[in-house]
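Visitor: Quick one: this structure, given as C-alpha cells, is what I'll be asking you about.
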Amino acid sequence: MTYSFDEDIDRKGTHCTKWEFISENGELKYGDHADAKHGAERLLPMWVADMDFRCPPALVEALVARAEHGIFGYCSPTDSYYEAVIDWHARRYGRTLEKEWITLSPGVVPAIKALVQTFVAPGEKVLVQRPVYYPFFTAVEKNGGEIVSNTLIYEDGRYHMDFEDLAQKVADPDLKMAILCSPHNPVGRVWSREELARFGQICLDNDVLVLSDEVHCDLIYSDSTFTTFANISEAFAQNSVICTAPSKSFNIAGLKISNIIIANKEIRQQFVAALDRNGLSGANVFGLTAVEAAFKQGEGWLAAAMTYVEANYNFMVKYMAENLPQLKIIPPEGTYLVWVDFSELGLDPEARKALLMDQARVYLDEGNLFGPEGAAFERINIACSRALLTEALQRIKRVVHC
C-alpha cells in the first residue's frame, strides 16, 4: 500500500495540545495562535512529540468499527492483545516475552512516576543523563527524590556516555534507580549494544535498578539498529523495567496506553500494586483496539512514515547547510526529533525564544527544558509535511539573517 504524508491536516477543534495550546510556566494555555486565519503570523507548532500524520488506515478502521458497536464499558486485554504485543517484540527486536511480564498503564510517564514512587524513598537519588526528556525530572522531584545527572559528553557533534562519571555516581548507596532514555530524547542517540552492556553492568554491580524508557524504539533511521536493554543478558532483564508504548510509533498518544515489561516477578508485583494504589489500573477500550490493529497491520505504514521523516531530515540538513550554517544539527539515529545547536547566534534562552516564537512565529521545544546542558539548543519535531517544515525553516532563516 502507498501512503502519503504530504497533506497538511487541520487539527483545529480536536483538543490538540500541539496546535491549540501553548505551555507557559508549566501550564497549558488554549488559543487559536496556530489558526490559518492568521496567515504569516500563525504560530507553527513543532514542539510536542506527536506526528502531524494521519494514523494507519487499518488502525482508524478498527477504531471506527469499535465505535459503531456503541457500548464502551469496562474492558480488559484479551489473549489476542497480548499476542499482538508479544509478536511485535519478537519480530522486530528478537525478544521473547511472557504474557505475565506485560502490565498496562495509561502511559510511560505515569508508569515512571509510579516506579519512582515505589522504588525510591524520599531523599534517595535517581540518575538521569542530561540533556534528557524533562518529565523525568518532575517524576523524581514530585515524589521526593533527588536527581543526579550523569551528563552526556558532547564532542565533535555527537553525544557519548561518561562511564567514569557513571561508575562514581551509582556507587553512592543512596542512588537507587537509573533512568535510561533509549533511544535518547532529545539528542537522538540509539545506544549501541556495547554502550548498553557497559551501562547495565555498572548499574548491576551497584544494585541500581534500571528503568529503560524505550518509547521511541520503533522510530529508527535506516543506518541504525536498536537493541532493547533487557535483551543483553538475563541478569539485565531481571534488574530492569522496560517502558514501551505505541503512542509515538503510531501517533496515538491521546489513547493513553502503554506496555510496561517487567521480567522480575517481585518488581512487577510491586509496580502493579503501585498502579492500584494510584488508580492507574484498567485499560482504555480504544487504546486496546488501536494497539492490536497497529501491531498486526501497521508495520508497513510505520516503515513509510519513517522513510518520510528521514527524507525530511535530509532536506533539513541540506537547507540549513545552504541557508543557516550558523545552526548545527546533531545527527539523529532515532526519533523524529532533531536537536539543533544555536550557540553561534550568541543568544541566551529567553532572547532566542523571543526571536523564534515572537518574530519567526515558530514554536520549538527550548533546549534548557532538558537541563542546563541544553541551554544553547532547540528541539525540532520534523514529523510533519515537507511544506510545513520548509515554511518553518524559511521563517527561521528570515529572522536569523534580518
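Residue numbering restarts at 1 in every chain; chains get A, B, ... in the order shown in the C-alpha cells, and ligands count up from 1 in that same order.
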Could you give me, as a compact mmCIF listing (two decimals) with N, CA and C atoms, in the first residue's frame, the residues within 12 Å of Leu196 in chain A, counting only C-alpha atoms and dropping anything in the same chain fewer than 5 positions from it?
Guide:
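part.txt, written as the output of this step:
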# COMPACT_ATOMS: atom_id res chain seq x y z
N HIS A 160 28.05 11.10 23.83
CA HIS A 160 28.52 9.83 24.35
C HIS A 160 28.20 9.75 25.83
N MET A 161 28.14 8.54 26.36
CA MET A 161 28.00 8.36 27.80
C MET A 161 29.36 8.56 28.48
N PHE A 163 31.19 7.06 31.19
CA PHE A 163 31.14 5.86 32.03
C PHE A 163 31.92 6.02 33.33
N LEU A 180 17.29 5.23 31.92
CA LEU A 180 17.95 5.18 30.62
C LEU A 180 16.95 5.60 29.56
N CYS A 181 17.30 6.60 28.76
CA CYS A 181 16.44 7.04 27.67
C CYS A 181 16.99 6.42 26.38
N SER A 182 16.28 5.44 25.86
CA SER A 182 16.83 4.62 24.77
C SER A 182 15.73 4.24 23.77
N PRO A 183 15.75 4.85 22.57
CA PRO A 183 16.62 5.90 22.05
C PRO A 183 16.50 7.19 22.87
N ARG A 189 20.40 9.75 20.07
CA ARG A 189 21.29 8.60 20.03
C ARG A 189 20.50 7.29 20.16
N VAL A 190 20.89 6.30 19.36
CA VAL A 190 20.44 4.93 19.54
C VAL A 190 21.65 4.21 20.09
N TRP A 191 21.61 3.91 21.37
CA TRP A 191 22.79 3.36 22.05
C TRP A 191 23.18 2.01 21.46
N GLN A 201 26.00 -3.08 33.26
CA GLN A 201 26.86 -3.80 34.20
C GLN A 201 27.25 -2.91 35.38
N ILE A 202 27.52 -1.64 35.10
CA ILE A 202 27.84 -0.71 36.19
C ILE A 202 26.66 -0.61 37.15
N CYS A 203 25.46 -0.51 36.62
CA CYS A 203 24.26 -0.43 37.48
C CYS A 203 24.06 -1.74 38.25
N LEU A 204 24.22 -2.87 37.57
CA LEU A 204 24.03 -4.17 38.21
C LEU A 204 25.02 -4.37 39.34
N VAL A 210 17.50 -0.38 36.77
CA VAL A 210 17.48 0.36 35.51
C VAL A 210 16.04 0.46 35.01
N SER A 212 14.35 1.59 31.74
CA SER A 212 14.68 1.92 30.36
C SER A 212 13.43 2.41 29.63
N PHE A 226 18.39 -0.75 16.72
CA PHE A 226 18.00 -0.62 18.12
C PHE A 226 18.16 -1.94 18.86
N THR A 227 18.69 -1.87 20.07
CA THR A 227 18.80 -3.04 20.96
C THR A 227 18.02 -2.75 22.23
N THR A 228 17.06 -3.58 22.55
CA THR A 228 16.35 -3.40 23.80
C THR A 228 17.25 -3.83 24.96
N PHE A 229 17.26 -3.03 26.01
CA PHE A 229 18.20 -3.23 27.12
C PHE A 229 18.11 -4.63 27.71
N ALA A 230 16.92 -5.14 27.88
CA ALA A 230 16.73 -6.42 28.56
C ALA A 230 17.20 -7.61 27.73
N ASN A 231 17.46 -7.38 26.45
CA ASN A 231 17.90 -8.47 25.58
C ASN A 231 19.37 -8.81 25.75
N ILE A 232 20.12 -7.96 26.43
CA ILE A 232 21.56 -8.14 26.50
C ILE A 232 21.93 -9.33 27.39
N SER A 233 21.23 -9.49 28.50
CA SER A 233 21.50 -10.63 29.37
C SER A 233 20.30 -10.87 30.27
N PHE A 236 20.40 -8.54 33.21
CA PHE A 236 19.86 -7.21 32.93
C PHE A 236 18.34 -7.24 32.91
Visitor: So that I can check the surroundings of Met306 in chain A, please list as a list of chain:residue names every protein, DNA and RNA residue that reaches within 9 Å of it, counting only C-alpha atoms and ignoring chain neighbours fewer than 4 positions away.
Guide: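 Near neighbours after the sequence-gap exclusion: A:Leu219, A:Ile220, A:Tyr221, A:Ser222, A:Trp301, A:Leu302, A:Glu310, A:Ala311, A:Thr335, A:Tyr336, A:Ala383.
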Visitor: Any chance you can output those residues with C-alpha atoms as a short mmCIF file (atom, residue, chain, number, x, y, z; two decimals), in the first residue's frame?
Guide:
data_model
loop_
_atom_site.label_atom_id
_atom_site.label_comp_id
_atom_site.auth_asym_id
_atom_site.auth_seq_id
_atom_site.Cartn_x
_atom_site.Cartn_y
_atom_site.Cartn_z
CA LEU A 219 11.48 5.15 15.19
CA ILE A 220 14.94 4.23 13.95
CA TYR A 221 16.84 5.62 10.96
CA SER A 222 17.92 3.31 8.16
CA TRP A 301 2.70 2.36 7.47
CA LEU A 302 5.38 2.77 10.15
CA GLU A 310 14.26 10.56 7.23
CA ALA A 311 13.71 12.37 3.93
CA THR A 335 13.15 9.52 16.85
CA TYR A 336 11.53 12.21 14.70
CA ALA A 383 7.13 14.56 11.75
#
Visitor: Measuring between only C-alpha atoms, which one of A:Asn278, A:Gln238, A:Asn206, A:Ser224 shows the shortest distance to Ser192 in chain A?
Guide: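 Result for the nearest residue to Ser192 in chain A: A:Ser224.
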Visitor: Could you go through range 5-128 of chain A and tell me which residues DSSP, when run on the backbone, assigns to helix (DSSP H, G or I), listing them as a ChimeraX atom specification?
Guide: /A:17-20,36-41,57-69,79-93,99-101,108-119
Visitor: Dump N, CA and C atoms for the selected residues as a short mmCIF file (atom, residue, chain, number, x, y, z; two decimals), in the first residue's frame?
Guide:
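Written output follows (out-v5.cif):
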data_model
loop_
_atom_site.label_atom_id
_atom_site.label_comp_id
_atom_site.auth_asym_id
_atom_site.auth_seq_id
_atom_site.Cartn_x
_atom_site.Cartn_y
_atom_site.Cartn_z
N THR A 17 -3.16 19.36 21.79
CA THR A 17 -2.19 20.10 22.59
C THR A 17 -1.17 20.81 21.71
N LYS A 18 -0.72 20.12 20.69
CA LYS A 18 0.34 20.66 19.84
C LYS A 18 -0.09 21.92 19.11
N TRP A 19 -1.30 21.92 18.57
CA TRP A 19 -1.75 23.01 17.70
C TRP A 19 -2.65 24.04 18.39
N GLU A 20 -3.24 23.68 19.53
CA GLU A 20 -4.23 24.57 20.14
C GLU A 20 -3.82 25.12 21.50
N ALA A 36 -4.96 29.01 10.67
CA ALA A 36 -4.54 29.51 9.35
C ALA A 36 -5.04 30.91 9.07
N LYS A 37 -6.09 31.34 9.76
CA LYS A 37 -6.63 32.68 9.52
C LYS A 37 -5.60 33.78 9.82
N HIS A 38 -4.58 33.44 10.64
CA HIS A 38 -3.56 34.42 10.98
C HIS A 38 -2.50 34.58 9.89
N GLY A 39 -2.59 33.74 8.87
CA GLY A 39 -1.67 33.86 7.74
C GLY A 39 -0.22 33.72 8.16
N ALA A 40 0.60 34.67 7.73
CA ALA A 40 2.03 34.62 8.02
C ALA A 40 2.33 34.75 9.51
N GLU A 41 1.33 35.21 10.28
CA GLU A 41 1.52 35.38 11.72
C GLU A 41 1.07 34.17 12.53
N PRO A 57 -4.36 3.48 8.19
CA PRO A 57 -5.77 3.24 7.83
C PRO A 57 -6.38 2.06 8.58
N ALA A 58 -5.64 0.97 8.74
CA ALA A 58 -6.18 -0.20 9.43
C ALA A 58 -6.52 0.13 10.88
N LEU A 59 -5.72 0.98 11.50
CA LEU A 59 -5.97 1.40 12.88
C LEU A 59 -7.24 2.25 12.95
N VAL A 60 -7.37 3.19 12.05
CA VAL A 60 -8.56 4.04 12.02
C VAL A 60 -9.81 3.20 11.78
N GLU A 61 -9.72 2.28 10.83
CA GLU A 61 -10.87 1.41 10.53
C GLU A 61 -11.28 0.58 11.75
N ALA A 62 -10.28 0.09 12.49
CA ALA A 62 -10.58 -0.70 13.68
C ALA A 62 -11.28 0.15 14.74
N LEU A 63 -10.84 1.40 14.90
CA LEU A 63 -11.47 2.29 15.87
C LEU A 63 -12.89 2.64 15.47
N VAL A 64 -13.10 2.89 14.18
CA VAL A 64 -14.45 3.20 13.69
C VAL A 64 -15.39 2.02 13.94
N ALA A 65 -14.91 0.82 13.63
CA ALA A 65 -15.74 -0.37 13.85
C ALA A 65 -16.07 -0.55 15.32
N ARG A 66 -15.08 -0.27 16.18
CA ARG A 66 -15.33 -0.40 17.63
C ARG A 66 -16.32 0.67 18.09
N ALA A 67 -16.19 1.89 17.56
CA ALA A 67 -17.11 2.96 17.95
C ALA A 67 -18.54 2.64 17.53
N GLU A 68 -18.67 2.02 16.36
CA GLU A 68 -20.01 1.71 15.86
C GLU A 68 -20.70 0.65 16.71
N HIS A 69 -19.93 -0.09 17.49
CA HIS A 69 -20.56 -1.06 18.39
C HIS A 69 -21.45 -0.36 19.40
N ASP A 79 -6.34 -12.34 25.19
CA ASP A 79 -5.16 -13.04 24.70
C ASP A 79 -4.68 -12.47 23.37
N SER A 80 -5.61 -12.05 22.53
CA SER A 80 -5.21 -11.52 21.22
C SER A 80 -4.41 -10.22 21.36
N TYR A 81 -4.72 -9.44 22.40
CA TYR A 81 -3.94 -8.23 22.65
C TYR A 81 -2.51 -8.60 23.02
N TYR A 82 -2.37 -9.49 23.99
CA TYR A 82 -1.03 -9.89 24.41
C TYR A 82 -0.25 -10.53 23.27
N GLU A 83 -0.93 -11.32 22.46
CA GLU A 83 -0.25 -11.95 21.32
C GLU A 83 0.28 -10.90 20.35
N ALA A 84 -0.49 -9.83 20.15
CA ALA A 84 -0.04 -8.76 19.25
C ALA A 84 1.23 -8.10 19.78
N VAL A 85 1.25 -7.83 21.08
CA VAL A 85 2.42 -7.20 21.70
C VAL A 85 3.62 -8.15 21.65
N ILE A 86 3.40 -9.39 22.01
CA ILE A 86 4.49 -10.38 22.03
C ILE A 86 5.06 -10.59 20.63
N ASP A 87 4.19 -10.73 19.64
CA ASP A 87 4.66 -10.94 18.27
C ASP A 87 5.44 -9.73 17.76
N TRP A 88 5.00 -8.54 18.10
CA TRP A 88 5.69 -7.33 17.66
C TRP A 88 7.14 -7.31 18.18
N HIS A 89 7.30 -7.59 19.46
CA HIS A 89 8.65 -7.56 20.05
C HIS A 89 9.52 -8.70 19.53
N ALA A 90 8.93 -9.84 19.29
CA ALA A 90 9.70 -10.96 18.75
C ALA A 90 10.15 -10.67 17.32
N ARG A 91 9.25 -10.13 16.54
CA ARG A 91 9.52 -9.90 15.13
C ARG A 91 10.54 -8.77 14.92
N ARG A 92 10.41 -7.71 15.69
CA ARG A 92 11.25 -6.53 15.46
C ARG A 92 12.52 -6.51 16.30
N TYR A 93 12.48 -7.09 17.48
CA TYR A 93 13.62 -6.96 18.40
C TYR A 93 14.18 -8.28 18.90
N LYS A 99 3.54 -13.48 28.62
CA LYS A 99 2.33 -12.66 28.81
C LYS A 99 2.32 -11.96 30.17
N GLU A 100 2.72 -12.67 31.21
CA GLU A 100 2.62 -12.10 32.55
C GLU A 100 3.63 -10.97 32.78
N TRP A 101 4.62 -10.83 31.92
CA TRP A 101 5.57 -9.74 32.08
C TRP A 101 4.98 -8.39 31.69
N VAL A 108 3.68 5.98 29.48
CA VAL A 108 5.01 5.77 30.03
C VAL A 108 5.29 6.73 31.18
N VAL A 109 4.91 7.99 31.06
CA VAL A 109 5.18 8.95 32.13
C VAL A 109 4.46 8.57 33.44
N PRO A 110 3.15 8.23 33.42
CA PRO A 110 2.54 7.76 34.65
C PRO A 110 3.23 6.53 35.22
N ALA A 111 3.70 5.65 34.34
CA ALA A 111 4.40 4.45 34.81
C ALA A 111 5.71 4.83 35.50
N ILE A 112 6.46 5.75 34.92
CA ILE A 112 7.72 6.18 35.52
C ILE A 112 7.48 6.79 36.89
N LYS A 113 6.43 7.59 36.99
CA LYS A 113 6.13 8.21 38.30
C LYS A 113 5.78 7.15 39.34
N ALA A 114 5.01 6.15 38.93
CA ALA A 114 4.66 5.07 39.86
C ALA A 114 5.89 4.25 40.25
N LEU A 115 6.80 4.06 39.31
CA LEU A 115 8.02 3.30 39.59
C LEU A 115 8.94 4.04 40.55
N VAL A 116 9.08 5.35 40.34
CA VAL A 116 9.90 6.14 41.25
C VAL A 116 9.28 6.13 42.64
N GLN A 117 7.97 6.30 42.70
CA GLN A 117 7.26 6.29 43.98
C GLN A 117 7.46 4.97 44.72
N THR A 118 7.56 3.88 43.97
CA THR A 118 7.66 2.55 44.55
C THR A 118 9.08 2.18 44.99
N PHE A 119 10.07 2.54 44.19
CA PHE A 119 11.42 2.04 44.43
C PHE A 119 12.41 3.08 44.92
#
Visitor: When distances are computed from only C-alpha atoms, which of A:Met51, A:Ala263, A:Val170, A:Val340 shows the smallest separation from Asp8 in chain A?
Guide: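 Nearest to Asp8 in chain A: A:Met51.
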Visitor: With only C-alpha atoms as the counted atoms, please give the residues lying no more than 10 Å from Arg268 in chain A, apart from itself and same-chain residues fewer than 4 positions off, as a PDB file with N, CA and C atoms, in the first residue's frame.
Guide:
ATOM      1  N   GLU A 100       2.719 -12.673  31.209  1.00  0.00           N
ATOM      2  CA  GLU A 100       2.618 -12.098  32.552  1.00  0.00           C
ATOM      3  C   GLU A 100       3.626 -10.969  32.784  1.00  0.00           C
ATOM      4  N   TRP A 101       4.619 -10.830  31.924  1.00  0.00           N
ATOM      5  CA  TRP A 101       5.575  -9.739  32.083  1.00  0.00           C
ATOM      6  C   TRP A 101       4.981  -8.390  31.690  1.00  0.00           C
ATOM      7  N   ILE A 102       3.893  -8.395  30.950  1.00  0.00           N
ATOM      8  CA  ILE A 102       3.337  -7.172  30.367  1.00  0.00           C
ATOM      9  C   ILE A 102       2.257  -6.597  31.287  1.00  0.00           C
ATOM     10  N   THR A 103       2.481  -5.369  31.726  1.00  0.00           N
ATOM     11  CA  THR A 103       1.495  -4.658  32.536  1.00  0.00           C
ATOM     12  C   THR A 103       1.099  -3.384  31.808  1.00  0.00           C
ATOM     13  N   LEU A 115       6.802   4.057  39.312  1.00  0.00           N
ATOM     14  CA  LEU A 115       8.019   3.296  39.592  1.00  0.00           C
ATOM     15  C   LEU A 115       8.937   4.043  40.552  1.00  0.00           C
ATOM     16  N   VAL A 241      13.215  -2.439  34.227  1.00  0.00           N
ATOM     17  CA  VAL A 241      11.831  -2.241  33.814  1.00  0.00           C
ATOM     18  C   VAL A 241      11.898  -1.594  32.437  1.00  0.00           C
ATOM     19  N   ILE A 260       4.282  -1.931  29.890  1.00  0.00           N
ATOM     20  CA  ILE A 260       5.461  -1.912  30.748  1.00  0.00           C
ATOM     21  C   ILE A 260       5.892  -3.371  30.959  1.00  0.00           C
ATOM     22  N   ILE A 261       7.110  -3.670  30.553  1.00  0.00           N
ATOM     23  CA  ILE A 261       7.576  -5.056  30.520  1.00  0.00           C
ATOM     24  C   ILE A 261       8.555  -5.297  31.671  1.00  0.00           C
ATOM     25  N   ILE A 262       8.194  -6.218  32.570  1.00  0.00           N
ATOM     26  CA  ILE A 262       8.999  -6.492  33.761  1.00  0.00           C
ATOM     27  C   ILE A 262       9.114  -8.007  33.935  1.00  0.00           C
ATOM     28  N   ALA A 263      10.305  -8.533  33.681  1.00  0.00           N
ATOM     29  CA  ALA A 263      10.524  -9.975  33.804  1.00  0.00           C
ATOM     30  C   ALA A 263      10.635 -10.412  35.261  1.00  0.00           C
ATOM     31  N   ASN A 264      11.120  -9.524  36.108  1.00  0.00           N
ATOM     32  CA  ASN A 264      11.318  -9.844  37.523  1.00  0.00           C
ATOM     33  C   ASN A 264       9.978  -9.814  38.253  1.00  0.00           C
ATOM     34  N   VAL A 272       2.609  -3.259  39.989  1.00  0.00           N
ATOM     35  CA  VAL A 272       1.157  -3.433  39.847  1.00  0.00           C
ATOM     36  C   VAL A 272       0.442  -2.892  41.075  1.00  0.00           C
ATOM     37  N   ALA A 273       1.009  -3.136  42.260  1.00  0.00           N
ATOM     38  CA  ALA A 273       0.407  -2.623  43.494  1.00  0.00           C
ATOM     39  C   ALA A 273       0.414  -1.094  43.498  1.00  0.00           C
ATOM     40  N   ALA A 274       1.483  -0.495  42.958  1.00  0.00           N
ATOM     41  CA  ALA A 274       1.554   0.969  42.899  1.00  0.00           C
ATOM     42  C   ALA A 274       0.502   1.536  41.952  1.00  0.00           C
TER      43      ALA A 274
END
Visitor: Measure the distance from CA of Tyr154 in chain A to CA of Gly367 in chain A in Å and round it to one decimal.
Guide: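 Taking CA of Tyr154 in chain A and CA of Gly367 in chain A, their separation equals 14.2 Å.
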Visitor: Which residues are near Asp10 in chain A? Cut-off 10 Å, only C-alpha atoms, ignore same chain within fewer than 3 positions. Put them as a list in words.
Guide: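 Contacts, with the query itself left out: Glu7, Gly13, Thr14, Trp19, Asp35, Ala36 and Asp52 of chain A.
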Visitor: Please write the residues from the selection above to a file, keeping C-alpha atoms, as a short mmCIF file (atom, residue, chain, number, x, y, z; two decimals), in the first residue's frame.
Guide:
data_model
loop_
_atom_site.label_atom_id
_atom_site.label_comp_id
_atom_site.auth_asym_id
_atom_site.auth_seq_id
_atom_site.Cartn_x
_atom_site.Cartn_y
_atom_site.Cartn_z
CA GLU A 7 -1.17 16.50 3.42
CA GLY A 13 -11.13 21.70 17.19
CA THR A 14 -9.66 18.31 18.17
CA TRP A 19 -1.75 23.01 17.70
CA ASP A 35 -5.10 29.00 13.10
CA ALA A 36 -4.54 29.51 9.35
CA ASP A 52 1.01 15.53 12.05
#
